[in-house]
Structure formats: C-alpha cells, structure tokens
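**Q** Data file data-v5.pdb (PDB, C-alpha atoms) is appended below.
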```
ATOM      1  CA  MET A  61      76.099 127.478-171.599  1.00  0.00           C
ATOM      2  CA  TYR A  62      72.778 128.769-170.252  1.00  0.00           C
ATOM      3  CA  ASP A  63      73.536 132.290-169.075  1.00  0.00           C
ATOM      4  CA  LYS A  64      69.893 133.370-169.026  1.00  0.00           C
ATOM      5  CA  ILE A  65      67.077 130.934-168.254  1.00  0.00           C
ATOM      6  CA  LEU A  66      63.445 131.920-168.729  1.00  0.00           C
ATOM      7  CA  VAL A  67      61.192 130.019-166.331  1.00  0.00           C
ATOM      8  CA  THR A  68      57.492 130.191-167.123  1.00  0.00           C
ATOM      9  CA  LEU A  69      55.203 129.849-164.126  1.00  0.00           C
ATOM     10  CA  GLU A  70      51.459 129.251-163.840  1.00  0.00           C
ATOM     11  CA  ASN A  71      51.023 130.149-160.166  1.00  0.00           C
ATOM     12  CA  THR A  72      49.898 126.577-159.446  1.00  0.00           C
ATOM     13  CA  ARG A  73      51.430 123.642-157.587  1.00  0.00           C
ATOM     14  CA  THR A  74      52.805 122.299-160.887  1.00  0.00           C
ATOM     15  CA  ASP A  75      55.414 125.090-160.787  1.00  0.00           C
ATOM     16  CA  GLN A  76      57.290 123.403-157.953  1.00  0.00           C
ATOM     17  CA  ALA A  77      58.770 120.750-160.245  1.00  0.00           C
ATOM     18  CA  ILE A  78      60.404 123.254-162.595  1.00  0.00           C
ATOM     19  CA  ILE A  79      61.462 125.616-159.784  1.00  0.00           C
ATOM     20  CA  LYS A  80      63.259 122.794-157.983  1.00  0.00           C
ATOM     21  CA  HIS A  81      65.008 121.689-161.182  1.00  0.00           C
ATOM     22  CA  VAL A  82      65.997 125.198-162.273  1.00  0.00           C
ATOM     23  CA  LYS A  83      67.493 125.933-158.847  1.00  0.00           C
ATOM     24  CA  LEU A  84      69.963 123.092-159.337  1.00  0.00           C
ATOM     25  CA  LEU A  85      70.667 124.001-162.958  1.00  0.00           C
ATOM     26  CA  ALA A  86      71.139 127.727-162.300  1.00  0.00           C
ATOM     27  CA  LYS A  87      73.469 127.091-159.367  1.00  0.00           C
ATOM     28  CA  ALA A  88      75.586 124.621-161.324  1.00  0.00           C
ATOM     29  CA  LEU A  89      75.868 126.890-164.372  1.00  0.00           C
ATOM     30  CA  LYS A  90      75.794 130.248-162.544  1.00  0.00           C
ATOM     31  CA  SER A  91      72.823 131.247-164.692  1.00  0.00           C
ATOM     32  CA  ARG A  92      70.621 134.280-164.338  1.00  0.00           C
ATOM     33  CA  VAL A  93      66.918 133.395-164.068  1.00  0.00           C
ATOM     34  CA  VAL A  94      63.924 135.341-165.322  1.00  0.00           C
ATOM     35  CA  LEU A  95      60.524 134.255-164.005  1.00  0.00           C
ATOM     36  CA  LEU A  96      57.566 134.920-166.306  1.00  0.00           C
ATOM     37  CA  HIS A  97      53.899 134.500-165.552  1.00  0.00           C
ATOM     38  CA  VAL A  98      51.152 135.394-168.008  1.00  0.00           C
ATOM     39  CA  ALA A  99      47.987 136.676-166.362  1.00  0.00           C
ATOM     40  CA  THR A 100      45.001 135.312-168.259  1.00  0.00           C
ATOM     41  CA  GLY A 101      41.976 136.699-166.443  1.00  0.00           C
ATOM     42  CA  TRP A 102      39.412 139.020-167.965  1.00  0.00           C
ATOM     43  CA  ALA A 103      41.079 142.190-166.687  1.00  0.00           C
ATOM     44  CA  ALA A 104      44.518 141.073-167.888  1.00  0.00           C
ATOM     45  CA  ARG A 105      43.279 140.151-171.362  1.00  0.00           C
ATOM     46  CA  THR A 106      41.192 143.308-171.670  1.00  0.00           C
ATOM     47  CA  TYR A 107      43.450 145.975-170.167  1.00  0.00           C
ATOM     48  CA  GLY A 108      46.917 144.453-170.360  1.00  0.00           C
ATOM     49  CA  LYS A 109      49.488 146.338-168.263  1.00  0.00           C
ATOM     50  CA  ASP A 110      46.799 148.777-167.134  1.00  0.00           C
ATOM     51  CA  ALA A 111      44.752 145.979-165.561  1.00  0.00           C
ATOM     52  CA  VAL A 112      44.003 146.066-161.851  1.00  0.00           C
ATOM     53  CA  SER A 113      42.547 142.984-160.204  1.00  0.00           C
ATOM     54  CA  PRO A 114      43.049 140.617-157.274  1.00  0.00           C
ATOM     55  CA  GLU A 115      44.437 138.057-159.775  1.00  0.00           C
ATOM     56  CA  ILE A 116      47.191 140.427-160.843  1.00  0.00           C
ATOM     57  CA  ASP A 117      48.016 141.327-157.250  1.00  0.00           C
ATOM     58  CA  GLN A 118      48.262 137.623-156.345  1.00  0.00           C
ATOM     59  CA  ASP A 119      50.337 136.816-159.433  1.00  0.00           C
ATOM     60  CA  THR A 120      52.757 139.657-158.709  1.00  0.00           C
ATOM     61  CA  GLN A 121      53.175 138.582-155.100  1.00  0.00           C
ATOM     62  CA  TYR A 122      53.707 134.981-156.187  1.00  0.00           C
ATOM     63  CA  LEU A 123      56.479 136.046-158.580  1.00  0.00           C
ATOM     64  CA  ARG A 124      58.118 138.117-155.841  1.00  0.00           C
ATOM     65  CA  ASN A 125      58.015 135.142-153.471  1.00  0.00           C
ATOM     66  CA  VAL A 126      59.618 132.786-155.996  1.00  0.00           C
ATOM     67  CA  ARG A 127      62.223 135.421-156.882  1.00  0.00           C
ATOM     68  CA  ASP A 128      63.061 135.860-153.202  1.00  0.00           C
ATOM     69  CA  GLU A 129      63.327 132.078-152.761  1.00  0.00           C
ATOM     70  CA  LEU A 130      65.831 131.809-155.621  1.00  0.00           C
ATOM     71  CA  GLN A 131      67.785 134.884-154.586  1.00  0.00           C
ATOM     72  CA  ALA A 132      68.086 133.487-151.043  1.00  0.00           C
ATOM     73  CA  GLU A 133      69.979 130.586-152.610  1.00  0.00           C
ATOM     74  CA  GLY A 134      72.353 132.920-154.442  1.00  0.00           C
ATOM     75  CA  ILE A 135      70.652 132.821-157.851  1.00  0.00           C
ATOM     76  CA  ALA A 136      70.366 136.136-159.692  1.00  0.00           C
ATOM     77  CA  THR A 137      66.639 136.343-160.408  1.00  0.00           C
ATOM     78  CA  GLU A 138      64.147 138.838-161.760  1.00  0.00           C
ATOM     79  CA  TYR A 139      60.510 138.505-162.700  1.00  0.00           C
ATOM     80  CA  GLU A 140      57.989 139.833-165.155  1.00  0.00           C
ATOM     81  CA  LEU A 141      54.225 139.657-165.472  1.00  0.00           C
ATOM     82  CA  ALA A 142      52.735 139.506-168.975  1.00  0.00           C
ATOM     83  CA  TYR A 143      49.091 139.662-170.007  1.00  0.00           C
ATOM     84  CA  GLY A 144      46.964 137.650-172.434  1.00  0.00           C
ATOM     85  CA  ASP A 145      47.540 134.334-174.182  1.00  0.00           C
ATOM     86  CA  PRO A 146      50.373 132.424-172.468  1.00  0.00           C
ATOM     87  CA  ALA A 147      51.918 130.826-175.571  1.00  0.00           C
ATOM     88  CA  LYS A 148      51.881 134.064-177.562  1.00  0.00           C
ATOM     89  CA  GLU A 149      53.332 136.081-174.708  1.00  0.00           C
ATOM     90  CA  ILE A 150      56.094 133.572-173.954  1.00  0.00           C
ATOM     91  CA  VAL A 151      57.121 133.430-177.620  1.00  0.00           C
ATOM     92  CA  LYS A 152      57.009 137.231-177.841  1.00  0.00           C
ATOM     93  CA  TRP A 153      59.164 137.544-174.724  1.00  0.00           C
ATOM     94  CA  VAL A 154      61.784 135.105-176.054  1.00  0.00           C
ATOM     95  CA  ARG A 155      61.940 136.805-179.459  1.00  0.00           C
ATOM     96  CA  GLU A 156      62.173 140.325-178.030  1.00  0.00           C
ATOM     97  CA  ARG A 157      64.421 139.768-175.018  1.00  0.00           C
ATOM     98  CA  GLY A 158      66.252 136.556-175.734  1.00  0.00           C
ATOM     99  CA  CYS A 159      67.393 133.767-173.470  1.00  0.00           C
ATOM    100  CA  ASP A 160      69.454 130.614-173.713  1.00  0.00           C
ATOM    101  CA  LEU A 161      66.836 128.190-172.357  1.00  0.00           C
ATOM    102  CA  VAL A 162      63.114 128.179-171.648  1.00  0.00           C
ATOM    103  CA  ALA A 163      62.088 125.985-168.712  1.00  0.00           C
ATOM    104  CA  MET A 164      58.442 124.955-168.297  1.00  0.00           C
ATOM    105  CA  SER A 165      56.385 122.464-166.316  1.00  0.00           C
ATOM    106  CA  THR A 166      53.872 120.396-168.224  1.00  0.00           C
ATOM    107  CA  HIS A 167      50.732 118.702-166.971  1.00  0.00           C
ATOM    108  CA  GLY A 168      51.501 115.408-168.641  1.00  0.00           C
ATOM    109  CA  HIS A 169      48.258 115.173-170.617  1.00  0.00           C
ATOM    110  CA  ARG A 170      48.200 112.550-173.286  1.00  0.00           C
ATOM    111  CA  PHE A 171      47.275 112.842-176.963  1.00  0.00           C
ATOM    112  CA  LEU A 172      43.547 113.702-177.023  1.00  0.00           C
ATOM    113  CA  ALA A 173      43.751 115.904-173.939  1.00  0.00           C
ATOM    114  CA  ASP A 174      46.709 117.749-175.517  1.00  0.00           C
ATOM    115  CA  LEU A 175      44.713 118.392-178.672  1.00  0.00           C
ATOM    116  CA  LEU A 176      41.650 119.573-176.810  1.00  0.00           C
ATOM    117  CA  LEU A 177      43.470 121.682-174.234  1.00  0.00           C
ATOM    118  CA  GLY A 178      45.862 123.431-176.632  1.00  0.00           C
ATOM    119  CA  VAL A 179      48.996 122.835-174.595  1.00  0.00           C
ATOM    120  CA  THR A 180      51.037 125.985-174.098  1.00  0.00           C
ATOM    121  CA  ALA A 181      54.343 124.109-173.933  1.00  0.00           C
ATOM    122  CA  SER A 182      53.764 122.480-177.306  1.00  0.00           C
ATOM    123  CA  ARG A 183      52.852 125.773-178.937  1.00  0.00           C
ATOM    124  CA  VAL A 184      55.910 127.486-177.480  1.00  0.00           C
ATOM    125  CA  GLN A 185      58.480 124.837-178.383  1.00  0.00           C
ATOM    126  CA  HIS A 186      57.452 124.890-182.034  1.00  0.00           C
ATOM    127  CA  ARG A 187      57.718 128.677-182.369  1.00  0.00           C
ATOM    128  CA  ILE A 188      61.076 129.538-180.833  1.00  0.00           C
ATOM    129  CA  GLN A 189      64.660 128.745-181.746  1.00  0.00           C
ATOM    130  CA  VAL A 190      66.143 128.209-178.269  1.00  0.00           C
ATOM    131  CA  PRO A 191      66.122 124.942-176.312  1.00  0.00           C
ATOM    132  CA  VAL A 192      63.042 124.210-174.229  1.00  0.00           C
ATOM    133  CA  LEU A 193      63.230 122.153-171.059  1.00  0.00           C
ATOM    134  CA  LEU A 194      59.875 120.524-170.386  1.00  0.00           C
ATOM    135  CA  LEU A 195      59.498 118.890-167.018  1.00  0.00           C
ATOM    136  CA  ARG A 196      56.378 116.913-166.297  1.00  0.00           C
ATOM    137  CA  ALA A 197      54.809 117.918-163.001  1.00  0.00           C
ATOM    138  CA  ASP A 198      53.826 115.164-160.602  1.00  0.00           C
TER     139      ASP A 198
END
```
Will you turn the file into structure tokens for me?

**A**
Amino acid sequence: MYDKILVTLENTRTDQAIIKHVKLLAKALKSRVVLLHVATGWAARTYGKDAVSPEIDQDTQYLRNVRDELQAEGIATEYELAYGDPAKEIVKWVRERGCDLVAMSTHGHRFLADLLLGVTASRVQHRIQVPVLLLRAD
C-alpha cells in the first residue's frame, strides 16, 4: 500500500511524534522510508547545495542519526537534505521523485496562528496528489 513513505523532519522535538508513528507503519507495511529536511538558514537559502554552515552540518548529522535509528529496527531508510522554502521543496521532491505517502508533524496551531505562520503542512497537502499523514506533535 505505502511502499515509499516520505517523512519530513524539522530537526526539532516535534519530529519525535511522526518518527514514532512511521516506525510502526513502515514495519507493518514493509515500507521504505525517505527522511527529508529542508535547511532554511541564510546560507542554505543563498547557496543551496553549495552552502556550508554549522546549521547544515547539524541537519545532516540529525538525518543520519534518525536514519540509523530506523535502520536499526529493520526499516530501509535513506535521507536527503534540501535547501530553501520547506513547502516548495517538499512539493518539488514529491513531484520529481514520487512517494505513496507524505508523513509530517504539525504544531497544532489554531486558525489565526495558522494564517499568520503560513503552515508548511497546509501548503503541502493542497499542492500534491498523494495522501498526507499529519500528526499533531505534543
């Protein structure tokens, strides 16, 4: 059903909710997981893949750690770091590479906060044609 699951990560504590859920889902369905984080700092937005910064080093190490955690539980996992606007990069990734499900944590903002903060999850779910699993972080 879900052979390839894209899991978007922010490199914050809110990621734990979606990681925990995807572990169970991927094991049950024998899915392959791709972890995606979009670096949003000045260097990432300015230089893209050529960017060098402590943020990018930390983000890359974080992705490796999560990948290793999932692989230790028998889940085929890879990761990728993108650069720029998270919603645009997630949509671009899905359209270019394809997946069967996008899994994301949300912050659980309500109405006005969503409008003011420009929620990435909302922007993504309205621009792609695959199912989106949104899990509210505690």

**Q** Report, in Å to a single decimal, how far apart atom CA of Ile188 of chain A and atom CA of Lys148 of chain A are.

**A**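 Computing it gives 10.8 Å between the two atoms.
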
**Q** May I ask for the distance between atom CA of Arg157 of chain A and atom CA of Gln76 of chain A, given in Å to one decimal place?

**A**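 A separation of 24.7 Å between them.
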
**Q** Show which residues sit within 12 Å of Gln189 of chain A, as a ChimeraX atom specification. Count only C-alpha atoms, and ignore same-chain residues fewer than 3 positions away.

**A** /A:151,154-155,158-162,184-186,192

**Q** Write a file of the selected residues as a compact mmCIF listing (two decimals), keeping the file's coordinate frame, keeping C-alpha atoms.

**A**
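Wrote it out as selection-v2.txt, contents follow:
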```txt
# COMPACT_ATOMS: atom_id res chain seq x y z
CA VAL A 151 57.12 133.43 -177.62
CA VAL A 154 61.78 135.10 -176.05
CA ARG A 155 61.94 136.80 -179.46
CA GLY A 158 66.25 136.56 -175.73
CA CYS A 159 67.39 133.77 -173.47
CA ASP A 160 69.45 130.61 -173.71
CA LEU A 161 66.84 128.19 -172.36
CA VAL A 162 63.11 128.18 -171.65
CA VAL A 184 55.91 127.49 -177.48
CA GLN A 185 58.48 124.84 -178.38
CA HIS A 186 57.45 124.89 -182.03
CA VAL A 192 63.04 124.21 -174.23
```

**Q** Once the PyMOL selection byres ((chain A and resi 100-102) around 7) has been applied to the shown file, what residues remain in the selection, as a list in words?

**A**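 Against this file, the PyMOL selection byres ((chain A and resi 100-102) around 7) returns the residues Val98, Ala99, Ala103, Ala104, Arg105, Thr106, Tyr143, Gly144 and Asp145 of chain A.
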
**Q** Under the PyMOL selection byres ((chain A and resi 82) around 10), which residues of this model are included? Write them out as a ChimeraX atom specification.

**A** /A:65-67,76-81,83-88,91,93,130,135,163-164,193

**Q** May I ask which of the residues A:Ala132, A:Ala142, A:Val126, A:Ala111 is the closest one to Leu96 of chain A, counting all atoms listed in the file?

**A**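 Looking only at the distances to Leu96 of chain A, the closest residue turns out to be A:Ala142.
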
**Q** Taking 4 positions as the minimum chain separation for residues in the same chain, which residues sit within 12 Å of Asp128 of chain A when counting all atoms listed in the file? Answer as a list in words.

**A** Val93, Leu95, Gln121, Tyr122, Leu123, Arg124, Ala132, Glu133, Gly134, Ile135, Ala136, Thr137, Glu138 and Tyr139 of chain A

**Q** I'd like the interatomic distance between atom CA of Leu141 of chain A and atom CA of Thr180 of chain A, to a tenth of an Å.

**A** 16.5 Å

**Q** Run the PyMOL selection byres ((chain A and resi 71) around 9) mentally over the shown coordinates, then write out the matched residues as a PyMOL selection string, using the chain letters and numbers from the document.

**A** chain A and resi 69-70+72-75+97+118-119+122-123
